[in-house]
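Visitor: Below is the file run14.txt, with compact mmCIF, C-alpha atoms.
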# COMPACT_ATOMS: atom_id res chain seq x y z
CA MET D 1 53.86 -29.33 52.13
CA GLY D 2 51.01 -31.10 53.95
CA ILE D 3 52.17 -32.96 56.99
CA TYR D 4 55.05 -33.47 54.82
CA VAL D 5 56.71 -36.42 53.91
CA PHE D 6 59.37 -37.10 51.45
CA LEU D 7 59.40 -40.82 51.21
CA LEU D 8 62.89 -41.53 52.13
CA THR D 9 64.94 -44.63 52.13
CA VAL D 10 67.90 -44.90 54.32
CA ASN D 11 70.87 -47.12 54.29
CA HIS D 12 73.50 -47.55 56.89
CA LEU D 13 73.73 -45.87 60.22
CA LYS D 14 76.08 -46.73 62.98
CA SER D 15 75.41 -45.90 66.56
CA ARG D 16 78.40 -45.40 68.74
CA ASP D 17 79.42 -44.03 72.03
CA VAL D 18 75.93 -44.32 73.40
CA LYS D 19 76.42 -45.31 76.94
CA ARG D 20 73.79 -47.48 78.45
CA ALA D 21 72.34 -45.28 81.12
CA LYS D 22 71.18 -46.72 84.38
CA SER D 23 67.68 -45.91 85.33
CA ASP D 24 65.89 -46.49 88.58
CA ILE D 25 62.50 -46.18 86.96
CA GLN D 26 60.87 -48.88 84.89
CA GLU D 27 59.37 -46.81 82.12
CA ASN D 28 62.20 -45.44 79.99
CA THR D 29 60.85 -42.92 77.49
CA LEU D 30 62.63 -41.56 74.46
CA LEU D 31 61.92 -38.13 73.00
CA LEU D 32 62.92 -37.67 69.41
CA GLY D 33 63.36 -34.37 67.56
CA PHE D 34 64.72 -33.58 64.12
CA PRO D 35 64.27 -30.75 61.61
CA SER D 36 60.85 -30.93 59.96
CA ASN D 37 57.87 -28.60 59.40
CA GLY D 38 58.38 -25.29 61.19
CA LEU D 39 61.36 -26.80 63.07
CA VAL D 40 58.83 -27.59 65.81
CA GLY D 41 60.68 -30.73 66.95
CA ILE D 42 64.01 -28.92 67.25
CA PHE D 43 62.58 -26.01 69.25
CA SER D 44 60.55 -28.23 71.60
CA ILE D 45 63.24 -30.80 72.29
CA SER D 46 66.04 -28.24 72.72
CA TYR D 47 63.91 -26.33 75.19
CA LEU D 48 63.23 -29.45 77.24
CA ILE D 49 66.91 -30.41 77.25
CA HIS D 50 67.74 -26.97 78.59
CA HIS D 51 64.94 -26.71 81.14
CA LEU D 52 65.23 -30.23 82.48
CA ASN D 53 68.99 -29.73 82.68
CA MET D 54 69.61 -32.97 80.79
CA LYS D 55 73.13 -34.23 80.28
CA GLN D 56 74.60 -35.47 77.04
CA ILE D 57 75.41 -39.17 77.26
CA GLY D 58 76.41 -39.94 73.72
CA GLU D 59 75.92 -39.40 70.04
CA ILE D 60 74.65 -41.27 67.02
CA LYS D 61 76.62 -41.53 63.84
CA VAL D 62 75.03 -41.85 60.46
CA ASP D 63 77.55 -43.09 57.92
CA ASN D 64 76.22 -41.18 54.96
CA LEU D 65 76.01 -37.82 56.68
CA PRO D 66 78.88 -35.51 55.77
CA PRO D 67 81.31 -35.43 58.72
CA THR D 68 80.29 -32.39 60.76
CA LEU D 69 81.24 -31.23 64.22
CA PHE D 70 80.45 -28.03 66.03
CA VAL D 71 82.54 -26.46 68.76
CA GLU D 72 80.79 -24.41 71.42
CA ASP D 73 82.74 -23.02 74.39
CA GLY D 74 85.47 -25.55 73.64
CA GLU D 75 83.00 -28.43 73.66
CA ILE D 76 82.76 -30.60 70.55
CA LEU D 77 79.21 -31.36 69.51
CA ALA D 78 78.04 -33.93 67.00
CA PRO D 79 74.91 -33.23 64.94
CA ILE D 80 72.96 -36.17 66.41
CA ARG D 81 73.21 -36.28 70.18
CA VAL D 82 71.75 -38.31 73.02
CA TYR D 83 70.77 -36.77 76.37
CA SER D 84 69.20 -38.23 79.47
CA LYS D 85 67.85 -37.50 82.89
CA LYS D 86 66.49 -40.31 85.04
CA ASP D 87 64.10 -42.30 82.83
CA ILE D 88 63.85 -39.67 80.08
CA PHE D 89 66.12 -40.02 77.06
CA VAL D 90 66.38 -37.59 74.19
CA ILE D 91 67.79 -37.94 70.70
CA ILE D 92 68.06 -34.71 68.76
CA SER D 93 69.35 -34.23 65.24
CA ASP D 94 70.42 -30.79 64.04
CA ILE D 95 70.77 -32.08 60.52
CA PRO D 96 67.75 -32.56 58.28
CA PHE D 97 67.45 -35.94 56.60
CA ASN D 98 67.09 -36.53 52.91
CA GLN D 99 65.57 -39.60 51.34
CA ASN D 100 68.70 -41.63 51.89
CA LEU D 101 69.00 -41.02 55.58
CA ALA D 102 65.67 -40.93 57.39
CA GLU D 103 65.01 -44.66 57.51
CA GLU D 104 68.61 -45.33 58.42
CA PHE D 105 68.35 -42.83 61.26
CA ALA D 106 65.16 -44.52 62.48
CA LEU D 107 66.84 -47.94 62.46
CA GLU D 108 69.70 -46.55 64.48
CA VAL D 109 67.28 -45.01 66.96
CA TYR D 110 65.57 -48.37 67.22
CA LYS D 111 68.89 -50.03 68.07
CA PHE D 112 69.37 -47.45 70.80
CA CYS D 113 65.88 -48.16 72.13
CA LYS D 114 66.51 -51.88 72.38
CA LYS D 115 69.82 -51.33 74.12
CA ASN D 116 68.28 -48.97 76.65
CA THR D 117 64.95 -50.79 77.17
CA ILE D 118 62.90 -47.87 75.95
CA LYS D 119 59.21 -48.51 76.57
CA LYS D 120 57.74 -45.71 74.51
CA ILE D 121 58.87 -43.08 72.02
CA LEU D 122 57.50 -39.57 71.71
CA ILE D 123 58.25 -37.77 68.45
CA ILE D 124 57.53 -34.08 68.07
CA SER D 125 56.88 -32.66 64.64
CA GLY D 126 54.83 -30.04 62.85
CA MET D 127 51.84 -30.22 60.55
CA GLU D 128 50.64 -27.57 58.16
CA THR D 129 47.55 -25.86 59.43
CA ALA D 130 44.75 -24.63 57.22
CA ASN D 131 44.30 -21.55 59.38
CA GLN D 132 47.68 -20.14 60.31
CA GLN D 133 46.15 -17.13 61.99
CA GLU D 134 44.54 -19.12 64.79
CA LYS D 135 45.62 -17.90 68.19
CA SER D 136 46.91 -21.11 69.69
CA PRO D 137 48.09 -23.89 67.40
CA LYS D 138 46.52 -27.24 68.23
CA ILE D 139 48.40 -30.44 69.01
CA TYR D 140 47.33 -33.80 67.63
CA GLY D 141 48.53 -37.27 68.49
CA LEU D 142 49.15 -40.23 66.21
CA ILE D 143 49.95 -43.58 67.80
CA THR D 144 51.52 -46.67 66.30
CA HIS D 145 50.17 -49.09 68.93
CA SER D 146 46.76 -48.98 70.62
CA ILE D 147 48.41 -49.36 74.02
CA LEU D 148 49.07 -45.61 73.85
CA ASP D 149 45.39 -44.75 73.43
CA ASN D 150 45.13 -44.16 77.12
CA LEU D 151 48.07 -41.75 77.02
CA LEU D 152 46.19 -39.62 74.49
CA TYR D 153 43.01 -39.82 76.52
CA SER D 154 44.54 -39.03 79.90
CA ASN D 155 46.45 -36.05 78.48
CA GLU D 156 43.48 -34.77 76.47
CA ILE D 157 45.35 -34.96 73.17
CA PRO D 158 43.02 -35.12 70.17
CA LYS D 159 43.76 -38.00 67.85
CA PHE D 160 45.11 -37.29 64.39
CA LEU D 161 42.36 -39.01 62.41
CA ASN D 162 42.80 -38.29 58.71
CA GLY D 163 45.58 -37.02 56.48
CA SER D 164 48.71 -37.97 54.60
CA ILE D 165 52.23 -38.21 55.89
CA PHE D 166 55.24 -38.14 53.61
CA GLY D 167 59.03 -37.97 53.85
CA THR D 168 61.06 -38.11 57.04
CA ASP D 169 58.08 -38.52 59.34
CA ALA D 170 56.63 -41.33 57.24
CA SER D 171 59.95 -43.19 57.10
CA ILE D 172 60.39 -43.00 60.84
CA ILE D 173 56.81 -43.97 61.65
CA SER D 174 57.05 -46.86 59.17
CA ILE D 175 60.00 -48.28 61.07
CA PHE D 176 58.52 -47.93 64.55
CA ARG D 177 55.06 -49.24 63.72
CA LYS D 178 56.70 -52.56 62.84
CA THR D 179 58.50 -52.78 66.17
CA LYS D 180 57.24 -53.59 69.64
CA ILE D 181 58.00 -50.10 70.91
CA PRO D 182 54.88 -47.94 70.84
CA THR D 183 55.37 -44.48 69.41
CA LEU D 184 53.36 -41.31 69.82
CA MET D 185 53.81 -38.64 67.18
CA LEU D 186 52.84 -35.26 68.55
CA TYR D 187 51.92 -32.97 65.68
CA ALA D 188 51.74 -29.25 66.34
CA GLU D 189 49.94 -27.07 63.84
CA CYS D 190 52.54 -24.76 62.34
CA HIS D 191 53.77 -22.85 59.34
CA PRO D 192 55.57 -25.57 57.36
CA PHE D 193 58.06 -23.32 55.53
CA PHE D 194 59.05 -20.84 58.24
CA PRO D 195 60.58 -21.50 61.67
CA ASP D 196 57.61 -21.56 64.04
CA PRO D 197 58.76 -21.49 67.68
CA GLU D 198 55.30 -20.32 68.73
CA ALA D 199 53.85 -23.62 67.54
CA SER D 200 56.37 -25.49 69.67
CA ILE D 201 55.07 -23.91 72.89
CA GLY D 202 51.96 -26.09 72.83
CA ALA D 203 54.11 -29.13 72.08
CA ILE D 204 56.36 -28.34 75.06
CA ALA D 205 53.34 -28.00 77.35
CA THR D 206 51.89 -31.29 76.11
CA LEU D 207 55.20 -33.10 76.52
CA ALA D 208 55.61 -31.71 80.02
CA LYS D 209 52.15 -33.00 80.90
CA ILE D 210 52.89 -36.46 79.54
CA LEU D 211 56.25 -36.61 81.32
CA LYS D 212 54.76 -35.15 84.51
CA VAL D 213 57.40 -32.45 84.72
CA SER D 214 57.01 -28.74 85.17
CA VAL D 215 58.31 -26.55 82.35
CA ASN D 216 57.89 -22.80 82.23
CA THR D 217 57.67 -21.62 78.61
CA THR D 218 58.32 -17.91 79.29
CA ASP D 219 61.88 -18.11 77.96
CA ILE D 220 60.89 -19.37 74.53
CA GLN D 221 57.93 -17.00 74.37
CA ASN D 222 60.33 -14.10 74.87
CA LYS D 223 62.59 -15.32 72.08
CA ILE D 224 60.08 -16.19 69.36
CA ASP D 225 61.13 -13.40 66.98
CA LYS D 226 64.84 -13.95 67.52
CA LEU D 227 64.51 -17.69 66.88
CA ARG D 228 62.57 -17.03 63.69
CA ILE D 229 65.48 -14.98 62.37
CA GLN D 230 68.23 -17.21 63.78
CA TYR D 231 66.87 -20.44 62.29
CA ARG D 232 66.22 -19.29 58.70
CA SER D 233 69.15 -21.27 57.32
CA LEU D 234 68.21 -24.51 59.05
CA MET D 235 64.65 -24.10 57.76
CA GLU D 236 65.99 -23.66 54.22
CA ASP D 237 68.25 -26.71 54.61
CA THR D 238 65.27 -28.72 55.87
CA ILE D 239 63.13 -27.83 52.89
CA ARG D 240 66.02 -28.52 50.54
CA ALA D 241 66.66 -31.93 52.12
CA ALA D 242 62.97 -32.74 51.88
CA GLN D 243 63.02 -32.05 48.17
CA GLN D 244 66.16 -34.06 47.50
CA LYS D 245 65.56 -37.12 45.44
CA GLU D 246 67.65 -40.22 45.51
CA LYS D 247 69.85 -40.44 42.45
CA PRO D 248 68.50 -43.15 40.14
CA VAL D 249 70.70 -46.21 40.26
CA LYS D 250 71.99 -47.00 36.80
CA ALA D 251 71.29 -50.56 35.78
CA PRO D 252 74.37 -52.48 34.67
CA GLN D 253 74.78 -52.65 30.89
CA ILE D 254 73.75 -56.28 30.78
CA TYR D 255 70.20 -55.45 31.94
CA ARG D 256 69.60 -52.55 29.56
CA MET G 1 75.12 -22.73 93.35
CA SER G 2 75.04 -23.11 89.59
CA ILE G 3 73.96 -20.26 87.38
CA LYS G 4 71.52 -21.35 84.74
CA LYS G 5 72.35 -19.91 81.35
CA ASP G 6 69.66 -18.24 79.26
CA PHE G 7 67.89 -20.57 76.89
CA GLU G 8 69.95 -20.85 73.73
CA ILE G 9 69.32 -23.66 71.31
CA GLN G 10 72.47 -25.69 70.99
CA THR G 11 72.56 -26.80 67.40
CA VAL G 12 75.18 -27.32 64.77
CA PRO G 13 74.98 -24.30 62.46
CA SER G 14 73.72 -24.69 58.94
CA MET G 15 76.36 -26.04 56.60
CA ILE G 16 75.19 -23.94 53.71
CA GLU G 17 74.69 -20.23 54.27
CA SER G 18 72.34 -19.67 51.41
CA LEU G 19 70.40 -16.67 52.60
CA PHE G 20 72.97 -14.09 51.54
CA ASP G 21 72.54 -11.64 54.39
CA ASP G 22 74.27 -8.37 53.59
CA ILE G 23 76.53 -8.11 56.62
CA GLU G 24 78.19 -4.90 55.52
CA HIS G 25 74.90 -2.99 55.28
CA GLY G 26 73.10 -4.81 58.11
CA ILE G 27 70.48 -6.33 55.83
CA LEU G 28 68.82 -9.70 56.47
CA SER G 29 67.41 -11.84 53.71
CA PRO G 30 63.91 -12.99 54.74
CA LEU G 31 62.52 -16.45 54.14
CA LEU G 32 59.84 -16.47 51.49
CA HIS G 33 57.43 -18.92 49.98
CA LEU G 34 55.83 -18.57 46.57
CA LYS G 35 52.80 -20.63 45.68
CA GLU G 36 51.00 -20.71 42.36
CA PHE G 37 47.24 -20.96 42.02
CA ASP G 38 45.13 -21.04 38.85
CA SER G 39 44.29 -17.35 39.00
CA HIS G 40 47.00 -15.86 41.20
CA TRP G 41 50.34 -16.11 42.96
CA MET G 42 50.57 -16.13 46.73
CA LEU G 43 53.83 -14.81 48.07
CA GLU G 44 54.61 -15.02 51.76
CA PHE G 45 57.52 -13.43 53.65
CA ASP G 46 58.56 -14.18 57.22
CA LEU G 47 59.25 -10.80 58.82
CA PRO G 48 59.65 -11.18 62.58
CA LEU G 49 60.54 -8.09 64.63
CA VAL G 50 58.81 -5.85 62.09
CA ASN G 51 55.86 -3.43 62.39
CA LYS G 52 53.36 -3.09 59.53
CA LYS G 53 54.10 0.65 59.15
CA ASP G 54 57.79 -0.06 58.50
CA ILE G 55 57.23 -2.26 55.44
CA LYS G 56 57.67 -0.87 51.92
CA ILE G 57 56.45 -2.91 48.97
CA THR G 58 57.13 -1.84 45.39
CA PHE G 59 56.44 -3.56 42.10
CA ASP G 60 58.58 -2.82 39.07
CA GLY G 61 57.76 -4.75 35.93
CA ASN G 62 57.56 -8.31 37.21
CA VAL G 63 59.91 -7.69 40.12
CA LEU G 64 58.49 -7.31 43.59
CA ASN G 65 60.69 -5.56 46.15
CA ILE G 66 60.16 -5.49 49.87
CA GLU G 67 62.06 -3.57 52.49
CA ALA G 68 61.21 -3.72 56.19
CA LYS G 69 62.88 -1.97 59.10
CA LEU G 70 63.30 -3.98 62.30
CA GLN G 71 61.72 -2.62 65.51
CA LYS G 72 65.11 -2.99 67.13
CA LYS G 73 68.54 -4.02 65.92
CA TYR G 74 69.11 -7.75 65.68
CA SER G 75 72.58 -9.08 66.52
CA GLU G 76 74.12 -12.50 66.21
CA GLU G 77 77.53 -14.04 66.69
CA LYS G 78 79.06 -15.60 63.61
CA HIS G 79 82.59 -16.88 63.33
CA GLY G 80 83.54 -15.03 66.53
CA LYS G 81 82.17 -11.68 65.33
CA THR G 82 79.03 -9.86 66.40
CA MET G 83 76.96 -8.81 63.43
CA THR G 84 74.11 -6.32 63.67
CA PHE G 85 71.17 -6.06 61.31
CA GLN G 86 68.49 -3.38 60.90
CA TYR G 87 66.54 -4.31 57.78
CA PHE G 88 64.98 -7.13 55.81
CA LYS G 89 65.29 -6.69 52.05
CA LYS G 90 64.35 -8.94 49.14
CA SER G 91 63.53 -8.72 45.45
CA ILE G 92 61.78 -11.49 43.60
CA SER G 93 60.76 -11.89 40.01
CA ILE G 94 57.24 -13.21 39.45
CA PRO G 95 56.95 -15.39 36.36
CA GLY G 96 54.34 -14.75 33.67
CA GLU G 97 51.92 -11.90 33.05
CA ILE G 98 50.83 -10.07 36.17
CA ASP G 99 47.91 -7.76 36.77
CA ASN G 100 49.71 -4.88 38.50
CA GLU G 101 46.45 -3.23 39.49
CA LYS G 102 45.24 -6.14 41.52
CA ILE G 103 47.88 -6.78 44.15
CA THR G 104 46.83 -7.04 47.78
CA ALA G 105 48.92 -7.44 50.92
CA LYS G 106 48.17 -8.51 54.47
CA PHE G 107 50.50 -8.51 57.47
CA GLN G 108 49.76 -10.63 60.52
CA LYS G 109 51.92 -12.24 63.19
CA GLY G 110 55.07 -11.07 61.44
CA ARG G 111 54.12 -12.71 58.15
CA LEU G 112 53.47 -10.68 55.01
CA VAL G 113 51.14 -12.30 52.49
CA ILE G 114 50.94 -10.76 49.02
CA LYS G 115 48.34 -11.90 46.51
CA ILE G 116 49.18 -11.15 42.88
CA LEU G 117 46.55 -11.79 40.25
CA LYS G 118 47.60 -13.28 36.92
CA LYS G 119 46.63 -11.52 33.71
CA ILE G 120 44.26 -13.62 31.71
CA ILE G 121 45.45 -13.47 28.11
CA GLY G 122 43.94 -15.12 25.10
CA LYS G 123 40.48 -15.75 23.75
CA SER G 124 37.99 -18.42 24.56
CA ILE G 125 37.49 -21.26 22.12
CA LYS G 126 34.03 -22.46 21.38
CA ILE G 127 33.47 -26.21 21.43
CA SER G 128 31.51 -27.33 18.43
What do you get writing this file as structure tokens?
Guide:
Amino acid sequence: MGIYVFLLTVNHLKSRDVKRAKSDIQENTLLLGFPSNGLVGIFSISYLIHHLNMKQIGEIKVDNLPPTLFVEDGEILAPIRVYSKKDIFVIISDIPFNQNLAEEFALEVYKFCKKNTIKKILIISGMETANQQEKSPKIYGLITHSILDNLLYSNEIPKFLNGSIFGTDASIISIFRKTKIPTLMLYAECHPFFPDPEASIGAIATLAKILKVSVNTTDIQNKIDKLRIQYRSLMEDTIRAAQQKEKPVKAPQIYR
Amino acid sequence: MSIKKDFEIQTVPSMIESLFDDIEHGILSPLLHLKEFDSHWMLEFDLPLVNKKDIKITFDGNVLNIEAKLQKKYSEEKHGKTMTFQYFKKSISIPGEIDNEKITAKFQKGRLVIKILKKIIGKSIKIS
């Protein structure tokens, strides 16, 4: 699956109900997580939302996603939600994107960024590692704008130098590299086909360092096995979405 | 004073339950990944909460069966009900001719990797 990429094209997304949050700090940062290799982004971002006690401020709607809502303790949750605390914003998607949705999702995120004067985006994802038995999975950084070089350097994040990126990640990076908002992709070495919460621990620690917040990872360490069982279906859905191909558009009779 | 809940990932559950867990018998269906190489198949199962000694692997014809007992019961809430599981079980058919004598297995970090050699059939053709 490599770093994985299913080159996706996305059409229309609509953002709604995203309140413009007031911030007293200049440098608004957006964290972005969605299902991808090893579900690393989902585990890392969810953990930060919980441990930083972030509040949901809105949701993002993607027109072509099947209408889905989830009710937990009487609270209605949408699959793509926005959280914030001070100058940190989070967008998390519980739904994996197929080829028709990833780019659209990225465009919608970009709209959100402009509206909320986001200065940098941090995306957490997983990359297949050659040696899955290594004790601690490494984290690599890929930046879209050289202005973030210093962020890599000051946080001792090795640069992702060579490789291929396909699918959701590629679609999203392609959108952001054309914008003025610099983006850092944090890639954690992981098992690409199985939920890998262990790989997300390093990503959480790296994110905490970048954000200058303190996050204890004991909770997730204690739940690694349970999460691996609990998230089997989402992992399957993610792989299935990655393999989905856009239906070929039939040319009108006149052109055949 | 607010009481902080235990860390639970708040996500919308999967829309398609494709894993076919056997709720009645408390059996989980493990994730697996099958990869083909020139000379062999590599089959990997994700078996968290399992000890190596509690895994049984059998091969019958081209069908590989695995059964693994969990170290402790695993429970989850689904549709307002608590369901409890004690085993992982899966059978998978390996395509093509297999060399039954040359199957190896390794278990590390809750992942079972099985290497199955292909039977080389046919004769070599000399290039004139």
Visitor: Provide the atom CA of D:Arg177 to atom CA of D:Pro195 distance in Å, to one decimal place.
Guide: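 Here the two named atoms are 28.4 Å from each other.
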Visitor: Find, counting all atoms listed in the file, the residue in D:Ile92, D:Leu211, D:Leu142, D:Leu161 that gets nearest to chain G.
Guide: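 Checking each of D:Ile92, D:Leu211, D:Leu142, D:Leu161 against chain G, counting all atoms listed in the file, the winner is D:Ile92.
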Visitor: Could you check which of D:Asp225, D:Glu156, D:Asp63, D:Asp87 is closest to D:Tyr140, using only C-alpha atoms?
Guide: D:Glu156
Visitor: Restrict the distance test to only C-alpha atoms, flag each residue of chain D within 7 Å of chain G, and return the flagged residues as a PyMOL selection string.
Guide: chain D and resi 46+50+70+79+94+194+219+225+228-229+232-234
Visitor: Record the distance separating atom CA of D:Gly33 and atom CA of D:Ile124, expressed in Å with one decimal.
Guide: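 Atom-to-atom, atom CA of D:Gly33 and atom CA of D:Ile124 are spaced 5.9 Å apart.
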Visitor: Mind pulling up the distance from atom CA of D:Ile173 to atom CA of D:Lys114?
Guide: 16.5 Å
Visitor: Point out the residue among D:Leu32, D:Ala170, D:Ala188, D:Leu52 with the least atom-to-atom distance to D:Asn216, counting only C-alpha atoms.
Guide: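 Checking each candidate against D:Asn216, we get D:Leu52 as the closest.
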Visitor: Mind listing whatever residues come within 9 Å of the point (64.8, -2.2, 64.0)? Use only C-alpha atoms, file coordinates, and give them as an MDAnalysis selection string.
Guide: chainID G and resid 49:50 68:74 85:87
Visitor: Which of these residues is nearest to D:Ala241, using all atoms listed in the file: D:Asn53, D:Ser200, D:Thr168, D:Ser84?
Guide: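 So, comparing all the options, the nearest one is D:Thr168.
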Visitor: Quick one: of D:Lys138, D:Lys111, D:His191, D:Lys212, who's nearest to D:Phe176, counting all atoms listed in the file?
Guide: D:Lys111
Visitor: Skip D:Ile172 itself and residues of its chain fewer than 3 positions away, then list as a PDB file with C-alpha atoms, keeping the file's coordinate frame all residues within 9 Å of it, counting only C-alpha atoms.
Guide:
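Output contents, as saved in around.pdb:
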ATOM      1  CA  ALA D 102      65.670 -40.930  57.390  1.00  0.00           C
ATOM      2  CA  GLU D 103      65.010 -44.660  57.510  1.00  0.00           C
ATOM      3  CA  GLU D 104      68.610 -45.330  58.420  1.00  0.00           C
ATOM      4  CA  PHE D 105      68.350 -42.830  61.260  1.00  0.00           C
ATOM      5  CA  ALA D 106      65.160 -44.520  62.480  1.00  0.00           C
ATOM      6  CA  LEU D 107      66.840 -47.940  62.460  1.00  0.00           C
ATOM      7  CA  GLY D 167      59.030 -37.970  53.850  1.00  0.00           C
ATOM      8  CA  THR D 168      61.060 -38.110  57.040  1.00  0.00           C
ATOM      9  CA  ASP D 169      58.080 -38.520  59.340  1.00  0.00           C
ATOM     10  CA  ILE D 175      60.000 -48.280  61.070  1.00  0.00           C
ATOM     11  CA  PHE D 176      58.520 -47.930  64.550  1.00  0.00           C
ATOM     12  CA  ARG D 177      55.060 -49.240  63.720  1.00  0.00           C
TER      13      ARG D 177
END
Visitor: What lies within 9 Å of D:Leu30 using all atoms listed in the file, ignoring chain neighbours under 6 positions off, as a PyMOL selection string?
Guide: chain D and resi 84+87-91+113+118-123
Visitor: Between G:Lys115, G:Ile23, G:Ile66, G:Lys56, which one has atoms that come closest to G:Lys78, using only C-alpha atoms?
Guide: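 Smallest separation from G:Lys78 among the options: G:Ile23.
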